Structure formats: C-alpha cells, structure tokens
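To keep things clear, I will list the structure first and then write my remarks on it.
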Amino acid sequence: DFLININQYAPTCPEPTAFWAIRQAAIDFCEATRSWRYEDEFNVADQYAQGISTPYGAVIADIELVRFNGCELKAVTPAYLDARYHNWRNDEVTSGPAYVTQTALNTIRIFPVQDGNVKVSLWLKPSQDCDELPDYLSDQYREVIANGALSRILALPGKAFTNLQLAVAFSAAFSAKLDGLKTLGFKGQQGAPMRTKSSNF
C-alpha cells in the first residue's frame, strides 16, 4: 500500500529497503501518537510476574493502565517499592493489590500479590520484524508514514535514489505531522477532552 508513495521519489529502491523504512516510520508514528490501543484481560494466580501477550507483529510501546478486580492500580517503579516496603519481592502480604510495576519488559508485577482478574490497556507499536501493519495506518496516515520512510530512504548514502535535500524535507514534514498528532491516542476520534492525570509508566 505504501510503495506507491515511495516509488514516486525512489523508483529504484529495492522492496526490502522500502519495507524496512516503512516499518521504522510506522514504529516512530505509533510511539509518538499512542494511536494503537490494545486491551487484554487475564487471571493471575499468585504469580510474581505475569507476561503480557500482544497481537502478532506488535510489541508494547507503553502501558496505559492496569486494573485488578475492577480497581485501577497505581503504576510505580521497583525503586519506589524498595524504599517503602522492605523485601517486597518476597514478602507475603494479605492486603489487596495496590501497585503495579515492571521488573522485566513485557511483564507486569502486582503488589501485594494476590489471585484475581487483571485488565490491561496498552499502546502498541509494530515489532522490528513485522510483515504487516494495522489497517488504520494505511487507510488514514499513508502519506505521513511514507514521508517518514522517504526521509530514511533518500538519506541512504551512495544510492541511485539518494537525495539529501528531499530527505530533509520529508523528515521535516514527518516530524511536523507527528507533533500535531501527539494527542491522538489520548483523545481518540471522538474528540474526548484530555485527562488531567496520567497513568503511564
């Protein structure tokens, strides 16, 4: 879908190179806009760390919020818990969970640990080896993603299609569009007002 835009300015660019640049531009787009939201639900059974599954070709960009049995948990760092709860990694605490943290990427760790139902809301981005992208990127942001891809392709040295002047122009257009879309994931298409309290890690 994106090659039509790429071939206008770099017709001799090999497809693997074009796909690499498109993928990297899509990753940058999703990281900047927080537009690819995904929700998951699972049960935990007295586990110290729970891996989070994502759709094929996607990885976690950020965790928006975590709920345990319907109650939102406070996102904190391990250092925060170290300073307040001695040996929290091993202690058995009978009170209900209040915090969520990470001790490894793509996992969550709830404290105090307890059996129950967990719901997570995530922002995703394409993985480095994905071979497809979400439809909305092509349907609504094809030119934006193509601009980001062209900024990389045209800056490659020593190629027949190298054009540093155009690369800078496409990079500027891509960055400007990302700046204007940075609230997309928070507000959505329904135009909801921004939250005043963030739950990001």
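Naming scheme: A, B, ... for chains in displayed order of the structure tokens; residues 1 onward per chain; ligands 1 onward as shown.
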
**OP:** Run DSSP on the backbone of this structure and report the residues of stretch 25-163 of chain A it assigns to strand (DSSP E), as a ChimeraX atom specification.
**Re:** /A:37-44,50-51,58-68,71-72,74-75,99-101,107-111,116-126

Original post:
Could you pull the residues within 8 Å of stretch 166-180 of chain A, counting only C-alpha atoms, minus those fewer than 5 positions along the same chain, as a PyMOL selection string?
Top reply: chain A and resi 29+32-33+144-145+147-148+150-155

Original post:
When you draw a straight line from atom CA of A:Gln128 to atom CA of A:Ala75, how long is it in Å?
Top reply: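 We find that atom CA of A:Gln128 and atom CA of A:Ala75 lie 26.9 Å from each other.
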
Subject >> Near-stretch 11-16 of chain A list (12 Å; only C-alpha atoms; drop same-chain fewer than 5 positions) as an MDAnalysis selection string >> reply: chainID A and resid 2:6 21:23 129 131 149:150 152:156 159:162

Print the selection's residues with C-alpha atoms to a file, as an mmCIF file, in the first residue's frame.
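Dumped everything to out05.cif:
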data_model
loop_
_atom_site.group_PDB
_atom_site.id
_atom_site.type_symbol
_atom_site.label_atom_id
_atom_site.label_comp_id
_atom_site.auth_asym_id
_atom_site.auth_seq_id
_atom_site.Cartn_x
_atom_site.Cartn_y
_atom_site.Cartn_z
ATOM 1 C CA PHE A 2 2.834 2.410 0.791
ATOM 2 C CA LEU A 3 5.026 1.576 -2.192
ATOM 3 C CA ILE A 4 3.030 3.849 -4.498
ATOM 4 C CA ASN A 5 4.170 6.831 -2.444
ATOM 5 C CA ILE A 6 7.733 5.553 -2.156
ATOM 6 C CA ALA A 21 11.935 2.184 6.085
ATOM 7 C CA ILE A 22 8.123 1.914 6.158
ATOM 8 C CA ARG A 23 8.305 -0.295 9.253
ATOM 9 C CA ASP A 129 10.347 -7.995 12.220
ATOM 10 C CA ASP A 131 5.441 -8.095 7.907
ATOM 11 C CA ALA A 149 10.012 6.253 5.194
ATOM 12 C CA LEU A 150 11.278 8.523 2.419
ATOM 13 C CA ARG A 152 15.278 7.399 5.633
ATOM 14 C CA ILE A 153 15.432 6.004 2.107
ATOM 15 C CA LEU A 154 16.597 9.196 0.400
ATOM 16 C CA ALA A 155 19.284 9.734 3.057
ATOM 17 C CA LEU A 156 20.963 6.375 2.372
ATOM 18 C CA LYS A 159 22.449 5.022 -3.882
ATOM 19 C CA ALA A 160 20.958 5.932 -7.250
ATOM 20 C CA PHE A 161 17.987 7.431 -5.399
ATOM 21 C CA THR A 162 19.974 9.326 -2.732
#

Original post:
For A:Cys71, which residue among A:Val118, A:Ala58, A:Ile110, A:Ile27 is the nearest when counting only C-alpha atoms?
Top reply: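 Using only C-alpha atoms, A:Cys71 sits closest to A:Val118.
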
Subject >> d(atom CA of A:Ser95, atom CA of A:Ile60) in Å >> reply: 29.4 Å

Subject >> Straight-line distance linking atom CA of A:Ser53 with atom CA of A:Ala25, stated in Å to one decimal >> reply: 23.5 Å

**OP:** Assign secondary structure with DSSP using the backbone only, and return the residues of chain A in helix (DSSP H, G or I) as number ranges by chain.
**Re:** A: 3-9, 15-33, 78-84, 135-153, 164-180, 184-187

**OP:** Return the single residue from A:Asp62, A:Glu132, A:Tyr80, A:Gly51 that is closest to A:Ala104, with distances computed using only C-alpha atoms.
**Re:** A:Gly51

Original post:
Taking only C-alpha atoms into account, which of A:Asn117, A:Gln165, A:Asn87, A:Gln24 comes nearest A:Glu41?
Top reply: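 Closest to A:Glu41, using only C-alpha atoms: A:Asn117.
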